[in-house]
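Okay, coords.cif is below, mmCIF, C-alpha atoms (C1' of nucleotides):
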data_final
loop_
_atom_site.group_PDB
_atom_site.id
_atom_site.type_symbol
_atom_site.label_atom_id
_atom_site.label_comp_id
_atom_site.auth_asym_id
_atom_site.auth_seq_id
_atom_site.Cartn_x
_atom_site.Cartn_y
_atom_site.Cartn_z
ATOM 1 C CA MET A 399 0.527 20.890 4.605
ATOM 2 C CA PRO A 400 -0.140 17.837 2.509
ATOM 3 C CA LYS A 401 2.598 15.289 2.330
ATOM 4 C CA SER A 402 2.338 15.292 -1.408
ATOM 5 C CA PHE A 403 0.221 16.401 -4.279
ATOM 6 C CA LEU A 404 -2.489 14.545 -5.949
ATOM 7 C CA GLY A 405 -1.251 12.550 -8.882
ATOM 8 C CA GLU A 406 -2.329 13.648 -12.285
ATOM 9 C CA PHE A 407 -4.654 10.768 -12.803
ATOM 10 C CA GLU A 408 -6.097 10.989 -9.317
ATOM 11 C CA GLN A 409 -6.921 14.560 -9.993
ATOM 12 C CA MET A 410 -8.728 13.662 -13.160
ATOM 13 C CA VAL A 411 -10.749 10.984 -11.472
ATOM 14 C CA LEU A 412 -11.796 13.324 -8.691
ATOM 15 C CA LEU A 413 -12.794 15.977 -11.176
ATOM 16 C CA GLY A 414 -14.660 13.444 -13.249
ATOM 17 C CA ILE A 415 -16.765 12.515 -10.240
ATOM 18 C CA LEU A 416 -17.574 16.112 -9.496
ATOM 19 C CA GLN A 417 -18.526 16.700 -13.110
ATOM 20 C CA ARG A 418 -21.106 13.977 -12.940
ATOM 21 C CA GLY A 419 -22.685 15.353 -9.792
ATOM 22 C CA ASP A 420 -25.303 12.969 -8.424
ATOM 23 C CA THR A 421 -24.856 10.417 -11.151
ATOM 24 C CA ALA A 422 -21.210 9.601 -10.633
ATOM 25 C CA TYR A 423 -21.367 5.935 -11.457
ATOM 26 C CA GLY A 424 -18.071 4.297 -12.202
ATOM 27 C CA ILE A 425 -18.645 3.841 -15.867
ATOM 28 C CA ASP A 426 -19.963 7.331 -16.388
ATOM 29 C CA VAL A 427 -17.025 8.894 -14.659
ATOM 30 C CA ARG A 428 -14.695 6.833 -16.745
ATOM 31 C CA LYS A 429 -16.381 7.996 -19.920
ATOM 32 C CA GLU A 430 -16.242 11.563 -18.726
ATOM 33 C CA ILE A 431 -12.503 11.333 -18.305
ATOM 34 C CA GLU A 432 -11.986 9.642 -21.627
ATOM 35 C CA LYS A 433 -13.952 12.341 -23.334
ATOM 36 C CA SER A 434 -12.189 15.222 -21.606
ATOM 37 C CA ALA A 435 -8.722 13.834 -21.747
ATOM 38 C CA GLY A 436 -8.948 12.269 -25.155
ATOM 39 C CA ARG A 437 -7.487 8.940 -24.302
ATOM 40 C CA GLU A 438 -8.526 5.559 -23.029
ATOM 41 C CA VAL A 439 -8.736 4.673 -19.393
ATOM 42 C CA SER A 440 -8.628 1.004 -18.576
ATOM 43 C CA ARG A 441 -10.991 -0.327 -15.961
ATOM 44 C CA GLY A 442 -8.121 -1.612 -13.912
ATOM 45 C CA ALA A 443 -6.385 1.727 -13.789
ATOM 46 C CA PHE A 444 -9.599 3.443 -12.948
ATOM 47 C CA TYR A 445 -10.860 1.315 -10.100
ATOM 48 C CA THR A 446 -7.446 0.825 -8.581
ATOM 49 C CA THR A 447 -7.031 4.550 -8.336
ATOM 50 C CA LEU A 448 -10.472 4.924 -6.870
ATOM 51 C CA ASP A 449 -9.837 2.333 -4.196
ATOM 52 C CA ARG A 450 -6.574 3.936 -3.236
ATOM 53 C CA MET A 451 -8.222 7.298 -2.919
ATOM 54 C CA GLU A 452 -10.893 5.793 -0.766
ATOM 55 C CA ALA A 453 -8.161 4.571 1.540
ATOM 56 C CA LYS A 454 -6.871 8.121 1.730
ATOM 57 C CA GLY A 455 -10.306 9.467 2.455
ATOM 58 C CA TYR A 456 -10.732 11.456 -0.735
ATOM 59 C CA VAL A 457 -13.753 9.587 -2.037
ATOM 60 C CA LYS A 458 -16.609 7.562 -0.667
ATOM 61 C CA TRP A 459 -19.100 5.369 -2.441
ATOM 62 C CA LYS A 460 -22.189 3.306 -1.980
ATOM 63 C CA THR A 461 -23.764 0.683 -4.110
ATOM 64 C CA ALA A 462 -26.778 1.536 -6.162
ATOM 65 C CA ALA A 463 -29.269 -0.745 -7.775
ATOM 66 C CA PRO A 464 -28.405 -1.309 -11.413
ATOM 67 C CA VAL A 465 -30.297 1.369 -13.227
ATOM 68 C CA THR A 466 -29.768 0.368 -16.791
ATOM 69 C CA GLY A 467 -32.160 -1.987 -18.440
ATOM 70 C CA ARG A 468 -29.354 -4.354 -19.174
ATOM 71 C CA GLY A 469 -26.536 -5.227 -16.952
ATOM 72 C CA GLY A 470 -24.886 -6.792 -14.018
ATOM 73 C CA MET A 471 -23.564 -6.196 -10.584
ATOM 74 C CA PRO A 472 -24.709 -3.328 -8.418
ATOM 75 C CA GLN A 473 -23.047 -0.177 -9.526
ATOM 76 C CA ARG A 474 -20.882 2.024 -7.397
ATOM 77 C CA LEU A 475 -21.922 5.597 -6.918
ATOM 78 C CA PHE A 476 -19.032 7.838 -5.981
ATOM 79 C CA ARG A 477 -18.686 11.148 -4.293
ATOM 80 C CA VAL A 478 -15.760 13.320 -3.334
ATOM 81 C CA THR A 479 -15.231 14.024 0.336
ATOM 82 C CA PRO A 480 -14.355 17.455 1.716
ATOM 83 C CA ALA A 481 -10.770 16.268 2.097
ATOM 84 C CA GLY A 482 -10.769 15.342 -1.552
ATOM 85 C CA LYS A 483 -11.976 18.763 -2.536
ATOM 86 C CA ARG A 484 -9.356 20.376 -0.408
ATOM 87 C CA ALA A 485 -6.636 18.371 -2.079
ATOM 88 C CA LEU A 486 -8.016 19.317 -5.449
ATOM 89 C CA ARG A 487 -7.991 22.988 -4.591
ATOM 90 C CA ALA A 488 -4.399 22.821 -3.455
ATOM 91 C CA SER A 489 -3.271 21.109 -6.617
ATOM 92 C CA ARG A 490 -5.100 23.515 -8.798
ATOM 93 C CA LYS A 491 -3.743 26.509 -7.011
ATOM 94 C CA ALA A 492 -0.167 25.361 -7.414
ATOM 95 C CA LEU A 493 -0.590 24.608 -11.076
ATOM 96 C CA LEU A 494 -2.369 27.840 -11.842
ATOM 97 C CA THR A 495 0.398 29.765 -10.188
ATOM 98 C CA LEU A 496 2.984 28.059 -12.328
ATOM 99 C CA TRP A 497 0.966 28.506 -15.471
ATOM 100 C CA ARG A 498 0.617 32.183 -14.876
ATOM 101 C CA GLY A 499 2.121 34.192 -17.675
ATOM 102 C CA LEU A 500 2.949 31.231 -19.841
ATOM 103 C CA ASP A 501 -0.063 31.334 -22.098
ATOM 104 C CA GLU A 502 1.810 32.684 -25.052
ATOM 105 C CA VAL A 503 4.747 30.341 -24.661
ATOM 106 C CA LEU A 504 2.437 27.392 -24.464
ATOM 107 C CA GLY A 505 0.091 28.568 -27.137
ATOM 108 C CA MET B 4 -1.107 10.313 -28.817
ATOM 109 C CA PRO B 5 1.060 10.227 -25.745
ATOM 110 C CA LYS B 6 1.252 6.941 -23.935
ATOM 111 C CA SER B 7 0.586 8.724 -20.690
ATOM 112 C CA PHE B 8 0.270 12.105 -19.140
ATOM 113 C CA LEU B 9 2.909 14.122 -17.540
ATOM 114 C CA GLY B 10 3.070 13.528 -13.828
ATOM 115 C CA GLU B 11 2.081 16.373 -11.608
ATOM 116 C CA PHE B 12 5.587 17.068 -10.497
ATOM 117 C CA GLU B 13 7.026 16.756 -13.975
ATOM 118 C CA GLN B 14 4.592 19.346 -15.087
ATOM 119 C CA MET B 15 5.680 21.686 -12.354
ATOM 120 C CA VAL B 16 9.306 21.271 -13.204
ATOM 121 C CA LEU B 17 8.689 21.985 -16.856
ATOM 122 C CA LEU B 18 6.665 25.066 -15.995
ATOM 123 C CA GLY B 19 9.303 26.197 -13.559
ATOM 124 C CA ILE B 20 11.906 26.118 -16.311
ATOM 125 C CA LEU B 21 9.716 28.108 -18.642
ATOM 126 C CA GLN B 22 9.043 30.648 -15.927
ATOM 127 C CA ARG B 23 12.736 31.323 -15.567
ATOM 128 C CA GLY B 24 13.255 31.840 -19.273
ATOM 129 C CA ASP B 25 16.938 32.176 -20.084
ATOM 130 C CA THR B 26 18.110 31.791 -16.532
ATOM 131 C CA ALA B 27 16.734 28.359 -15.794
ATOM 132 C CA TYR B 28 19.523 27.129 -13.589
ATOM 133 C CA GLY B 29 18.726 24.125 -11.482
ATOM 134 C CA ILE B 30 18.622 25.937 -8.226
ATOM 135 C CA ASP B 31 16.554 28.803 -9.502
ATOM 136 C CA VAL B 32 13.966 26.535 -10.998
ATOM 137 C CA ARG B 33 13.750 24.648 -7.765
ATOM 138 C CA LYS B 34 13.160 27.834 -5.833
ATOM 139 C CA GLU B 35 10.546 28.893 -8.327
ATOM 140 C CA ILE B 36 8.616 25.695 -7.751
ATOM 141 C CA GLU B 37 8.913 25.924 -4.014
ATOM 142 C CA LYS B 38 7.574 29.431 -4.089
ATOM 143 C CA SER B 39 4.662 28.661 -6.369
ATOM 144 C CA ALA B 40 3.699 25.365 -4.881
ATOM 145 C CA GLY B 41 4.337 26.260 -1.304
ATOM 146 C CA ARG B 42 6.249 23.207 -0.354
ATOM 147 C CA GLU B 43 9.779 21.924 -0.282
ATOM 148 C CA VAL B 44 11.413 20.164 -3.168
ATOM 149 C CA SER B 45 14.381 18.017 -2.317
ATOM 150 C CA ARG B 46 17.353 18.134 -4.605
ATOM 151 C CA GLY B 47 17.117 14.421 -5.211
ATOM 152 C CA ALA B 48 13.517 14.571 -6.325
ATOM 153 C CA PHE B 49 14.261 17.488 -8.532
ATOM 154 C CA TYR B 50 17.278 16.240 -10.424
ATOM 155 C CA THR B 51 15.957 12.731 -10.755
ATOM 156 C CA THR B 52 12.857 14.054 -12.427
ATOM 157 C CA LEU B 53 14.896 16.267 -14.680
ATOM 158 C CA ASP B 54 17.123 13.429 -15.790
ATOM 159 C CA ARG B 55 14.154 11.242 -16.553
ATOM 160 C CA MET B 56 12.544 13.945 -18.597
ATOM 161 C CA GLU B 57 15.743 14.409 -20.491
ATOM 162 C CA ALA B 58 15.586 10.736 -21.360
ATOM 163 C CA LYS B 59 12.081 11.285 -22.691
ATOM 164 C CA GLY B 60 13.199 14.283 -24.692
ATOM 165 C CA TYR B 61 11.207 16.894 -22.811
ATOM 166 C CA VAL B 62 14.145 18.928 -21.603
ATOM 167 C CA LYS B 63 17.688 19.608 -22.656
ATOM 168 C CA TRP B 64 20.470 21.289 -20.799
ATOM 169 C CA LYS B 65 23.976 22.537 -21.141
ATOM 170 C CA THR B 66 26.530 23.474 -18.594
ATOM 171 C CA ALA B 67 27.136 27.086 -17.907
ATOM 172 C CA ALA B 68 30.153 28.683 -16.379
ATOM 173 C CA PRO B 69 29.617 29.195 -12.689
ATOM 174 C CA VAL B 70 28.204 32.648 -12.446
ATOM 175 C CA THR B 71 28.067 33.094 -8.738
ATOM 176 C CA GLY B 72 30.996 34.581 -6.930
ATOM 177 C CA ARG B 73 31.217 31.618 -4.651
ATOM 178 C CA GLY B 74 31.231 28.064 -5.394
ATOM 179 C CA GLY B 75 31.488 24.978 -7.260
ATOM 180 C CA MET B 76 30.723 22.925 -10.259
ATOM 181 C CA PRO B 77 29.407 24.290 -13.504
ATOM 182 C CA GLN B 78 25.724 24.763 -13.261
ATOM 183 C CA ARG B 79 23.167 23.195 -15.508
ATOM 184 C CA LEU B 80 21.044 25.491 -17.601
ATOM 185 C CA PHE B 81 17.796 23.894 -18.664
ATOM 186 C CA ARG B 82 15.350 24.448 -21.405
ATOM 187 C CA VAL B 83 12.149 22.772 -22.474
ATOM 188 C CA THR B 84 12.068 21.116 -25.879
ATOM 189 C CA PRO B 85 9.178 21.450 -28.310
ATOM 190 C CA ALA B 86 8.087 17.950 -27.327
ATOM 191 C CA GLY B 87 8.036 19.077 -23.728
ATOM 192 C CA LYS B 88 5.852 22.021 -24.556
ATOM 193 C CA ARG B 89 3.510 19.809 -26.487
ATOM 194 C CA ALA B 90 3.143 17.476 -23.548
ATOM 195 C CA LEU B 91 2.492 20.430 -21.294
ATOM 196 C CA ARG B 92 -0.201 21.756 -23.561
ATOM 197 C CA ALA B 93 -1.924 18.395 -23.687
ATOM 198 C CA SER B 94 -1.925 18.037 -19.926
ATOM 199 C CA ARG B 95 -3.224 21.498 -19.420
ATOM 200 C CA LYS B 96 -5.952 21.088 -21.941
ATOM 201 C CA ALA B 97 -7.222 17.924 -20.314
ATOM 202 C CA LEU B 98 -7.186 19.431 -16.867
ATOM 203 C CA LEU B 99 -8.852 22.641 -17.931
ATOM 204 C CA THR B 100 -11.603 20.675 -19.586
ATOM 205 C CA LEU B 101 -12.220 18.737 -16.419
ATOM 206 C CA TRP B 102 -12.133 21.839 -14.266
ATOM 207 C CA ARG B 103 -14.665 23.576 -16.418
ATOM 208 C CA GLY B 104 -17.751 24.499 -14.486
ATOM 209 C CA LEU B 105 -16.407 23.380 -11.143
ATOM 210 C CA ASP B 106 -15.269 26.725 -9.849
ATOM 211 C CA GLU B 107 -18.081 27.083 -7.405
ATOM 212 C CA VAL B 108 -17.840 23.543 -6.145
ATOM 213 C CA LEU B 109 -14.140 23.912 -5.617
ATOM 214 C CA GLY B 110 -14.318 27.411 -4.246
ATOM 215 C "C1'" DG C 840 48.784 25.209 1.784
ATOM 216 C "C1'" DA C 841 45.871 21.750 4.572
ATOM 217 C "C1'" DG C 842 41.504 21.952 6.765
ATOM 218 C "C1'" DT C 843 36.884 23.162 6.453
ATOM 219 C "C1'" DG C 844 32.421 24.928 5.094
ATOM 220 C "C1'" DC C 845 29.457 25.650 1.358
ATOM 221 C "C1'" DG C 846 27.124 25.592 -3.061
ATOM 222 C "C1'" DG C 847 25.672 22.558 -6.771
ATOM 223 C "C1'" DG C 848 25.039 18.254 -8.346
ATOM 224 C "C1'" DA C 849 24.911 12.715 -8.748
ATOM 225 C "C1'" DA C 850 23.742 8.148 -7.182
ATOM 226 C "C1'" DT C 851 21.070 5.089 -4.732
ATOM 227 C "C1'" DA C 852 17.206 3.122 -2.810
ATOM 228 C "C1'" DC C 853 12.544 2.867 -1.751
ATOM 229 C "C1'" DA C 854 7.420 4.412 -1.589
ATOM 230 C "C1'" DT C 855 3.533 5.798 -4.210
ATOM 231 C "C1'" DT C 856 0.988 6.059 -8.506
ATOM 232 C "C1'" DG C 857 -0.290 4.540 -13.103
ATOM 233 C "C1'" DT C 858 -1.653 0.828 -16.141
ATOM 234 C "C1'" DA C 859 -2.716 -3.479 -18.312
ATOM 235 C "C1'" DG C 860 -4.792 -8.007 -18.496
ATOM 236 C "C1'" DA C 861 -7.100 -11.685 -17.040
ATOM 237 C "C1'" DC C 862 -10.914 -12.966 -14.098
ATOM 238 C "C1'" DT C 863 -15.789 -12.961 -11.581
ATOM 239 C "C1'" DA C 864 -20.524 -12.607 -11.327
ATOM 240 C "C1'" DG C 865 -25.392 -11.137 -12.180
ATOM 241 C "C1'" DA C 866 -28.741 -10.297 -16.105
ATOM 242 C "C1'" DT C 867 -30.553 -11.121 -20.484
ATOM 243 C "C1'" DG C 868 -32.284 -13.509 -24.298
ATOM 244 C "C1'" DA C 869 -31.782 -16.993 -28.121
ATOM 245 C "C1'" DT D 1098 -29.020 -23.241 -20.264
ATOM 246 C "C1'" DC D 1099 -25.437 -21.393 -22.508
ATOM 247 C "C1'" DA D 1100 -23.368 -17.470 -24.913
ATOM 248 C "C1'" DT D 1101 -22.676 -12.907 -24.052
ATOM 249 C "C1'" DC D 1102 -23.104 -8.347 -22.257
ATOM 250 C "C1'" DT D 1103 -22.127 -5.167 -18.430
ATOM 251 C "C1'" DA D 1104 -19.893 -3.479 -14.236
ATOM 252 C "C1'" DG D 1105 -16.590 -4.381 -11.310
ATOM 253 C "C1'" DT D 1106 -12.302 -7.022 -8.951
ATOM 254 C "C1'" DC D 1107 -7.606 -8.914 -8.568
ATOM 255 C "C1'" DT D 1108 -2.896 -9.300 -9.467
ATOM 256 C "C1'" DA D 1109 1.298 -7.957 -11.087
ATOM 257 C "C1'" DC D 1110 4.383 -4.806 -12.854
ATOM 258 C "C1'" DA D 1111 6.129 -0.253 -14.834
ATOM 259 C "C1'" DA D 1112 6.733 4.617 -14.164
ATOM 260 C "C1'" DT D 1113 6.913 8.468 -11.118
ATOM 261 C "C1'" DG D 1114 7.899 10.843 -6.746
ATOM 262 C "C1'" DT D 1115 10.864 11.416 -2.837
ATOM 263 C "C1'" DA D 1116 14.496 11.312 0.742
ATOM 264 C "C1'" DT D 1117 19.172 10.205 1.974
ATOM 265 C "C1'" DT D 1118 23.642 10.055 1.348
ATOM 266 C "C1'" DC D 1119 27.731 10.831 -1.153
ATOM 267 C "C1'" DC D 1120 30.932 13.603 -4.202
ATOM 268 C "C1'" DC D 1121 33.559 17.495 -6.031
ATOM 269 C "C1'" DG D 1122 35.660 21.940 -6.401
ATOM 270 C "C1'" DC D 1123 36.018 26.524 -4.803
ATOM 271 C "C1'" DA D 1124 37.519 30.017 -1.557
ATOM 272 C "C1'" DC D 1125 38.146 31.297 2.897
ATOM 273 C "C1'" DT D 1126 41.062 31.065 7.142
ATOM 274 C "C1'" DC D 1127 44.644 30.221 9.875
#

Take the structure I supplied and represent it as structure tokens, if you would.
Amino acid sequence: MPKSFLGEFEQMVLLGILQRGDTAYGIDVRKEIEKSAGREVSRGAFYTTLDRMEAKGYVKWKTAAPVTGRGGMPQRLFRVTPAGKRALRASRKALLTLWRGLDEVLG
Amino acid sequence: MPKSFLGEFEQMVLLGILQRGDTAYGIDVRKEIEKSAGREVSRGAFYTTLDRMEAKGYVKWKTAAPVTGRGGMPQRLFRVTPAGKRALRASRKALLTLWRGLDEVLG
DNA sequence: GAGTGCGGGAATACATTGTAGACTAGATGA
DNA sequence: TCATCTAGTCTACAATGTATTCCCGCACTC
């Protein structure tokens, strides 16, 4: 039994990585989240969360040669570990259970 | 545009209240969450969160005469405000968007 | 009718997450 | 070679999540 749930933002970051599949570069993931969630995500917030989740074993990453024509430092390519997916499943299950039957109330 | 999302736990509390409809007494809501989420919720965590959400205008409450045969202080009967529902909808929308297409990955 | 156990709740304190802002460093091109 | 663009890092602080401990009033019991 997990000590606690995934935070809301952590969850979004994890899902953003999965959405991008094999091209989960930091920036792309960030854009994915901004698009889906409809709000800005600062770099600081984003990478801090990522590093903390790495410490918890939910994500891993490796550097990749800069792909873009322009640009700077080696990019980080992320992926979600099995533990991360497990945590995601647990969070989703709990939320779905609570949402059940509330569709009309919530519109 | 909300400054930030609802936390995971806040969301659960709000949903728990809605689930209980007109009988959203503190204790009942807490049990509801424990059942759905499959983990314990300490009283402290629960009421602290509730009070903070009251400050943000997401919930309101009034006291109700003690209904139970046994025991104590007037209970608090909660309800979610329109602002609370709006916040809930926004969180759900963002999460659903991110979950889209990941069912097989997440099993 | 004082002592005690119990059901709710409040207060307090601390750990974990969320977020912003300023800062670094490699690549490009005028 | 310097301005500037991109991707990422660091630091500090605010907001949320959580456990612990305390309080209060009822009703039971003797």

What would the list of residues within 12 Å of (-11.6, 20.2, 0.4) (file frame) look like as an MDAnalysis selection string, if all atoms listed in the file are what count?
(chainID A and resid 400 412 455:457 478:490) or (chainID B and resid 108:110)

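Distances here use only C-alpha atoms (C1' of nucleotides); by that measure, the residue among C:DA859, C:DC853, C:DC845, C:DA866 closest to D:DA1111 is C:DA859.
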
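Atom pair atom C1' of D:DG1105 / atom CA of A:Gly414: separated by 18.0 Å.
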
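In chain C, the set of residues within 8 Å of chain B (atoms considered: all atoms listed in the file) is DC845, DG846, DG847 and DG848 of chain C.
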
Report as a PyMOL selection string the residues that result from applying the PyMOL selection byres ((chain D) within 8 of (chain B)) to the structure here.
chain D and resi 1113-1116+1121-1124

Measure the distance from atom CA of B:Glu35 to atom C1' of C:DA852 in Å and round it to one decimal.
27.2 Å

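Counting from atom C1' of C:DG865, the distance to atom C1' of D:DC1107 is 18.3 Å.
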
Quick one: which residues end up in the PyMOL selection byres ((chain D and resi 1119) around 8) for this structure, as a ChimeraX atom specification?
/C:850 /D:1118,1120

Atoms kept (C-alpha atoms (C1' of nucleotides)) for selection, written as a PDB file, keeping the file's coordinate frame:
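The resulting file, part.pdb, is reproduced below:
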ATOM      1  C1'  DA C 850      23.742   8.148  -7.182  1.00  0.00           C
TER       2       DA C 850
ATOM      3  C1'  DT D1118      23.642  10.055   1.348  1.00  0.00           C
ATOM      4  C1'  DC D1120      30.932  13.603  -4.202  1.00  0.00           C
TER       5       DC D1120
END

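The residues returned by the PyMOL selection byres ((chain C and resi 863) around 9) on the shown structure are DC862 and DA864 of chain C; DG1105 and DT1106 of chain D.
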
Tell me which protein, DNA and RNA residues are within 10 Å of B:Lys38, counting all atoms listed in the file, leaving out same-chain ones fewer than 6 positions away, and put them as a VMD selection string.
(chain A and resid 492 495 to 496) or (chain B and resid 32)

Store the residues picked out above, limited to C-alpha atoms, as an mmCIF file, in the coordinates of the input.
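Wrote it out as selection_8.cif, contents follow:
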data_model
loop_
_atom_site.group_PDB
_atom_site.id
_atom_site.type_symbol
_atom_site.label_atom_id
_atom_site.label_comp_id
_atom_site.auth_asym_id
_atom_site.auth_seq_id
_atom_site.Cartn_x
_atom_site.Cartn_y
_atom_site.Cartn_z
ATOM 1 C CA ALA A 492 -0.167 25.361 -7.414
ATOM 2 C CA THR A 495 0.398 29.765 -10.188
ATOM 3 C CA LEU A 496 2.984 28.059 -12.328
ATOM 4 C CA VAL B 32 13.966 26.535 -10.998
#

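Every protein, DNA or RNA residue with an atom at most 12 Å from D:DC1110, where all atoms listed in the file count and chain neighbours fewer than 5 positions away do not, is listed here: DG857, DT858, DA859 and DG860 of chain C.
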
Pick from B:Ala40, B:Lys34, B:Arg23, B:Phe81 nearest to chain A, counting all atoms listed in the file:
B:Ala40

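When the distance limit is 12 Å and all atoms listed in the file are what count, the residues near D:DA1100, minus those fewer than 5 positions from it on the same chain, are DT867, DG868 and DA869 of chain C.
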
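Among the candidates B:Leu53, B:Leu80, B:Ala27, B:Ile36, the residue lying nearest to chain A is B:Ile36 (atoms considered: only C-alpha atoms).
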